[in-house]
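Participant: Below is the file work_26.cif, which contains mmCIF, C-alpha atoms.
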```
data_upload
loop_
_atom_site.group_PDB
_atom_site.id
_atom_site.type_symbol
_atom_site.label_atom_id
_atom_site.label_comp_id
_atom_site.auth_asym_id
_atom_site.auth_seq_id
_atom_site.Cartn_x
_atom_site.Cartn_y
_atom_site.Cartn_z
ATOM 1 C CA MET A 48 105.210 89.706 110.665
ATOM 2 C CA ALA A 49 106.325 91.923 107.782
ATOM 3 C CA ILE A 50 108.190 90.361 104.892
ATOM 4 C CA ASP A 51 111.606 91.499 103.651
ATOM 5 C CA LEU A 52 110.511 93.689 100.751
ATOM 6 C CA GLU A 53 113.973 93.871 99.156
ATOM 7 C CA ASN A 54 114.231 90.072 98.983
ATOM 8 C CA ALA A 55 110.639 89.833 97.777
ATOM 9 C CA ARG A 56 111.415 92.265 94.937
ATOM 10 C CA GLU A 57 114.477 90.255 93.878
ATOM 11 C CA ARG A 58 112.437 87.016 93.955
ATOM 12 C CA MET A 59 109.777 88.730 91.832
ATOM 13 C CA VAL A 60 112.356 89.621 89.179
ATOM 14 C CA VAL A 61 113.913 86.148 89.113
ATOM 15 C CA GLU A 62 110.804 83.979 89.480
ATOM 16 C CA GLN A 63 108.140 86.030 87.715
ATOM 17 C CA LEU A 64 110.117 87.883 85.061
ATOM 18 C CA GLU A 65 113.351 86.108 84.137
ATOM 19 C CA ARG A 66 111.808 82.623 84.345
ATOM 20 C CA ARG A 67 108.970 83.745 82.081
ATOM 21 C CA GLY A 68 111.367 85.000 79.440
ATOM 22 C CA ILE A 69 111.880 88.708 80.108
ATOM 23 C CA LYS A 70 115.388 89.249 78.759
ATOM 24 C CA ASP A 71 115.816 93.022 78.353
ATOM 25 C CA GLN A 72 118.398 93.831 81.031
ATOM 26 C CA ARG A 73 117.300 97.462 81.222
ATOM 27 C CA VAL A 74 113.735 96.358 82.031
ATOM 28 C CA LEU A 75 114.962 93.856 84.625
ATOM 29 C CA ASP A 76 117.195 96.511 86.207
ATOM 30 C CA ALA A 77 114.313 98.997 86.386
ATOM 31 C CA MET A 78 112.046 96.389 87.975
ATOM 32 C CA ARG A 79 114.786 95.632 90.527
ATOM 33 C CA ARG A 80 115.285 99.305 91.292
ATOM 34 C CA ILE A 81 111.665 100.414 91.707
ATOM 35 C CA ALA A 82 109.915 99.646 94.978
ATOM 36 C CA ARG A 83 106.440 98.511 93.872
ATOM 37 C CA HIS A 84 105.172 98.670 97.454
ATOM 38 C CA ARG A 85 105.467 102.496 97.364
ATOM 39 C CA PHE A 86 102.594 102.524 94.875
ATOM 40 C CA LEU A 87 100.225 100.532 97.100
ATOM 41 C CA PRO A 88 98.231 101.188 100.251
ATOM 42 C CA ALA A 89 100.297 100.302 103.360
ATOM 43 C CA GLU A 90 98.092 97.327 104.200
ATOM 44 C CA LEU A 91 99.109 95.680 100.900
ATOM 45 C CA HIS A 92 102.888 96.141 101.192
ATOM 46 C CA ASP A 93 103.397 92.497 102.159
ATOM 47 C CA HIS A 94 101.744 91.506 98.849
ATOM 48 C CA ALA A 95 103.480 94.096 96.660
ATOM 49 C CA TYR A 96 105.670 91.532 94.896
ATOM 50 C CA ASP A 97 103.004 88.845 94.501
ATOM 51 C CA ASP A 98 102.317 87.539 91.004
ATOM 52 C CA GLY A 99 99.155 89.466 90.224
ATOM 53 C CA PRO A 100 97.379 92.796 90.109
ATOM 54 C CA LEU A 101 96.415 94.500 93.385
ATOM 55 C CA PRO A 102 93.774 97.121 94.254
ATOM 56 C CA ILE A 103 94.905 100.758 94.402
ATOM 57 C CA GLY A 104 91.506 102.296 95.173
ATOM 58 C CA ASP A 105 88.581 103.597 93.157
ATOM 59 C CA ALA A 106 87.988 100.084 91.738
ATOM 60 C CA GLN A 107 91.372 100.236 89.932
ATOM 61 C CA THR A 108 94.408 97.965 90.125
ATOM 62 C CA ILE A 109 98.166 98.114 89.807
ATOM 63 C CA SER A 110 99.173 95.767 87.012
ATOM 64 C CA GLN A 111 100.794 92.393 87.569
ATOM 65 C CA PRO A 112 104.601 92.823 87.608
ATOM 66 C CA TYR A 113 104.995 90.476 84.642
ATOM 67 C CA MET A 114 102.611 92.592 82.532
ATOM 68 C CA VAL A 115 104.535 95.768 83.420
ATOM 69 C CA ALA A 116 107.799 94.098 82.411
ATOM 70 C CA LEU A 117 106.355 92.534 79.241
ATOM 71 C CA MET A 118 104.805 95.792 78.023
ATOM 72 C CA SER A 119 108.058 97.611 78.769
ATOM 73 C CA GLU A 120 110.131 94.998 76.943
ATOM 74 C CA VAL A 121 107.852 94.959 73.891
ATOM 75 C CA ALA A 122 108.212 98.755 73.624
ATOM 76 C CA GLU A 123 111.954 98.194 72.937
ATOM 77 C CA LEU A 124 112.961 101.452 74.619
ATOM 78 C CA LYS A 125 116.602 102.481 74.275
ATOM 79 C CA GLY A 126 116.552 105.589 76.474
ATOM 80 C CA VAL A 127 116.024 108.273 73.839
ATOM 81 C CA GLU A 128 112.268 107.953 73.300
ATOM 82 C CA LYS A 129 109.372 110.233 74.136
ATOM 83 C CA VAL A 130 106.548 108.078 75.508
ATOM 84 C CA LEU A 131 102.846 108.768 75.980
ATOM 85 C CA GLU A 132 101.310 106.572 78.666
ATOM 86 C CA VAL A 133 97.537 106.503 78.877
ATOM 87 C CA GLY A 134 96.469 105.435 82.366
ATOM 88 C CA THR A 135 98.926 106.561 85.045
ATOM 89 C CA GLY A 136 97.041 104.660 87.756
ATOM 90 C CA SER A 137 99.332 104.318 90.754
ATOM 91 C CA GLY A 138 102.363 105.493 88.752
ATOM 92 C CA TYR A 139 104.256 102.193 88.888
ATOM 93 C CA GLN A 140 104.404 101.604 85.123
ATOM 94 C CA THR A 141 105.174 105.310 84.722
ATOM 95 C CA SER A 142 108.217 104.992 86.993
ATOM 96 C CA VAL A 143 109.460 101.949 85.068
ATOM 97 C CA LEU A 144 109.095 103.865 81.794
ATOM 98 C CA ALA A 145 110.943 106.817 83.334
ATOM 99 C CA HIS A 146 113.982 104.571 83.808
ATOM 100 C CA LEU A 147 113.777 103.353 80.209
ATOM 101 C CA ALA A 148 112.872 106.425 78.112
ATOM 102 C CA ALA A 149 114.017 110.028 77.805
ATOM 103 C CA GLU A 150 110.588 111.522 78.588
ATOM 104 C CA VAL A 151 107.296 110.081 79.804
ATOM 105 C CA TYR A 152 104.006 111.952 79.450
ATOM 106 C CA SER A 153 101.286 110.176 81.408
ATOM 107 C CA ILE A 154 97.572 110.924 81.519
ATOM 108 C CA GLU A 155 95.141 109.673 84.186
ATOM 109 C CA PHE A 156 91.366 110.132 83.985
ATOM 110 C CA ASN A 157 90.754 109.559 87.722
ATOM 111 C CA THR A 158 91.808 112.732 89.544
ATOM 112 C CA HIS A 159 92.213 110.943 92.893
ATOM 113 C CA LEU A 160 94.665 108.437 91.369
ATOM 114 C CA HIS A 161 96.363 111.220 89.409
ATOM 115 C CA ASP A 162 96.944 113.273 92.571
ATOM 116 C CA ARG A 163 98.289 110.284 94.508
ATOM 117 C CA ALA A 164 100.584 109.203 91.650
ATOM 118 C CA ARG A 165 101.895 112.768 91.361
ATOM 119 C CA VAL A 166 102.925 112.770 95.038
ATOM 120 C CA ILE A 167 104.673 109.397 94.749
ATOM 121 C CA LEU A 168 106.435 110.166 91.465
ATOM 122 C CA ASN A 169 107.514 113.634 92.635
ATOM 123 C CA SER A 170 108.985 112.082 95.788
ATOM 124 C CA MET A 171 111.133 109.881 93.541
ATOM 125 C CA GLY A 172 112.695 112.901 91.843
ATOM 126 C CA LEU A 173 111.912 111.707 88.326
ATOM 127 C CA GLY A 174 112.590 114.828 86.275
ATOM 128 C CA ASN A 175 111.563 113.201 83.004
ATOM 129 C CA VAL A 176 107.945 112.444 84.001
ATOM 130 C CA PHE A 177 105.122 114.822 83.100
ATOM 131 C CA LEU A 178 101.610 114.155 84.385
ATOM 132 C CA ARG A 179 98.181 115.326 83.329
ATOM 133 C CA ALA A 180 94.706 114.632 84.669
ATOM 134 C CA GLY A 181 92.317 114.082 81.791
ATOM 135 C CA ASP A 182 90.947 111.761 79.143
ATOM 136 C CA GLY A 183 93.834 109.841 77.585
ATOM 137 C CA SER A 184 91.843 109.176 74.433
ATOM 138 C CA ASP A 185 92.365 112.881 73.645
ATOM 139 C CA GLY A 186 96.134 112.313 73.563
ATOM 140 C CA TRP A 187 98.525 115.134 74.459
ATOM 141 C CA ALA A 188 98.625 117.109 71.213
ATOM 142 C CA GLU A 189 100.910 119.920 72.378
ATOM 143 C CA GLN A 190 103.624 117.355 73.239
ATOM 144 C CA ALA A 191 103.172 115.198 70.127
ATOM 145 C CA PRO A 192 104.671 113.451 68.353
ATOM 146 C CA PHE A 193 105.536 110.473 70.549
ATOM 147 C CA ASP A 194 107.798 107.565 69.692
ATOM 148 C CA VAL A 195 105.744 105.111 71.763
ATOM 149 C CA ILE A 196 102.162 105.154 73.030
ATOM 150 C CA MET A 197 101.461 102.725 75.866
ATOM 151 C CA VAL A 198 97.843 102.250 76.886
ATOM 152 C CA THR A 199 97.554 100.830 80.396
ATOM 153 C CA ALA A 200 93.866 101.621 80.946
ATOM 154 C CA ALA A 201 90.504 100.968 79.355
ATOM 155 C CA MET A 202 89.536 103.596 76.783
ATOM 156 C CA ARG A 203 86.597 104.495 74.591
ATOM 157 C CA HIS A 204 89.018 104.734 71.644
ATOM 158 C CA PRO A 205 92.815 104.995 71.303
ATOM 159 C CA PRO A 206 94.502 108.404 71.001
ATOM 160 C CA ASP A 207 94.432 109.904 67.526
ATOM 161 C CA VAL A 208 97.747 108.847 65.973
ATOM 162 C CA ARG A 209 97.878 112.083 63.965
ATOM 163 C CA VAL A 210 98.245 114.151 67.152
ATOM 164 C CA SER A 211 100.110 111.626 69.253
ATOM 165 C CA SER A 212 102.642 109.706 67.197
ATOM 166 C CA LYS A 213 105.518 110.213 64.785
ATOM 167 C CA ARG A 214 103.965 107.589 62.514
#
```
Would you mind giving the structure from this file in structure tokens?
Facilitator:
Amino acid sequence: MAIDLENARERMVVEQLERRGIKDQRVLDAMRRIARHRFLPAELHDHAYDDGPLPIGDAQTISQPYMVALMSEVAELKGVEKVLEVGTGSGYQTSVLAHLAAEVYSIEFNTHLHDRARVILNSMGLGNVFLRAGDGSDGWAEQAPFDVIMVTAAMRHPPDVRVSSKR
């Protein structure tokens, strides 16, 4: 029997995020709005709002909802920022950032994940998301500088701040 995904998403926000101290209302609203199950294989939809990471293929995972919310809150986005995300993965964190920042540039090393995230994110009509397949440690020099760099994947070394950040 399938679970009620809308109720599960609301429970996730209340029980996993608000009770753990996430206070930024914009982050909470984005997490309420975005259907995490869209970023998962169909057989995992009933677990989409569980308190933990889940497999998305190619030995990769979608981050735990709390980590997505915490990283988004710590970034202190006001809606005017240009963000570089390294590690698009399924696109879930990307979609949250898209609701919080002016522009999101996201790089994914795994072309299979990149292609799948592109389809999902394009279907959401997010006009402020720009995707690239490639090595995130190279940054995205032609779009630099960025106000925020969020690394959501393992890397050999972080992007060069001189070509990626305003700092």
Participant: Spell out the residues picked by the PyMOL selection byres ((chain A and resi 57) around 12) here, as a PyMOL selection string.
Facilitator: chain A and resi 51-56+58-65+75-83+95-97+112
Participant: Produce a file of the selected residues containing C-alpha atoms, as a CSV table (one decimal), in the frame of the given file.
Facilitator:
```
chain,number,residue,atom,x,y,z
A,51,ASP,CA,111.6,91.5,103.7
A,52,LEU,CA,110.5,93.7,100.8
A,53,GLU,CA,114.0,93.9,99.2
A,54,ASN,CA,114.2,90.1,99.0
A,55,ALA,CA,110.6,89.8,97.8
A,56,ARG,CA,111.4,92.3,94.9
A,58,ARG,CA,112.4,87.0,94.0
A,59,MET,CA,109.8,88.7,91.8
A,60,VAL,CA,112.4,89.6,89.2
A,61,VAL,CA,113.9,86.1,89.1
A,62,GLU,CA,110.8,84.0,89.5
A,63,GLN,CA,108.1,86.0,87.7
A,64,LEU,CA,110.1,87.9,85.1
A,65,GLU,CA,113.4,86.1,84.1
A,75,LEU,CA,115.0,93.9,84.6
A,76,ASP,CA,117.2,96.5,86.2
A,77,ALA,CA,114.3,99.0,86.4
A,78,MET,CA,112.0,96.4,88.0
A,79,ARG,CA,114.8,95.6,90.5
A,80,ARG,CA,115.3,99.3,91.3
A,81,ILE,CA,111.7,100.4,91.7
A,82,ALA,CA,109.9,99.6,95.0
A,83,ARG,CA,106.4,98.5,93.9
A,95,ALA,CA,103.5,94.1,96.7
A,96,TYR,CA,105.7,91.5,94.9
A,97,ASP,CA,103.0,88.8,94.5
A,112,PRO,CA,104.6,92.8,87.6
```
Participant: Might you spell out which residues the PyMOL selection byres ((chain A and resi 156-168) around 9) would select in the displayed file, as a list in words?
Facilitator: Arg85, Phe86, Ile103, Gly104, Asp105, Gln107, Val133, Gly134, Thr135, Gly136, Ser137, Gly138, Tyr139, Thr141, Ser142, Ile154, Glu155, Asn169, Ser170, Met171, Gly172, Leu173, Val176, Leu178, Arg179, Ala180, Gly181, Asp182 and Gly183 of chain A
Participant: How far is it from CA of Phe193 (chain A) to CA of Gly68 (chain A), in Å with one decimal?
Facilitator: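 Interatomic distance here is 27.6 Å.
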Participant: Given the choices A:Ala89, A:Ala188, A:Ile196, A:Val143, which gets closest to Glu128 (chain A) if the distance is worked out from all atoms listed in the file?
Facilitator: A:Ile196
Participant: Point out the residue among A:Val74, A:Ile109, A:Leu91, A:Ala201 with the least atom-to-atom distance to Ala122 (chain A), counting all atoms listed in the file.
Facilitator: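 For Ala122 (chain A), the nearest of the given residues is A:Val74.
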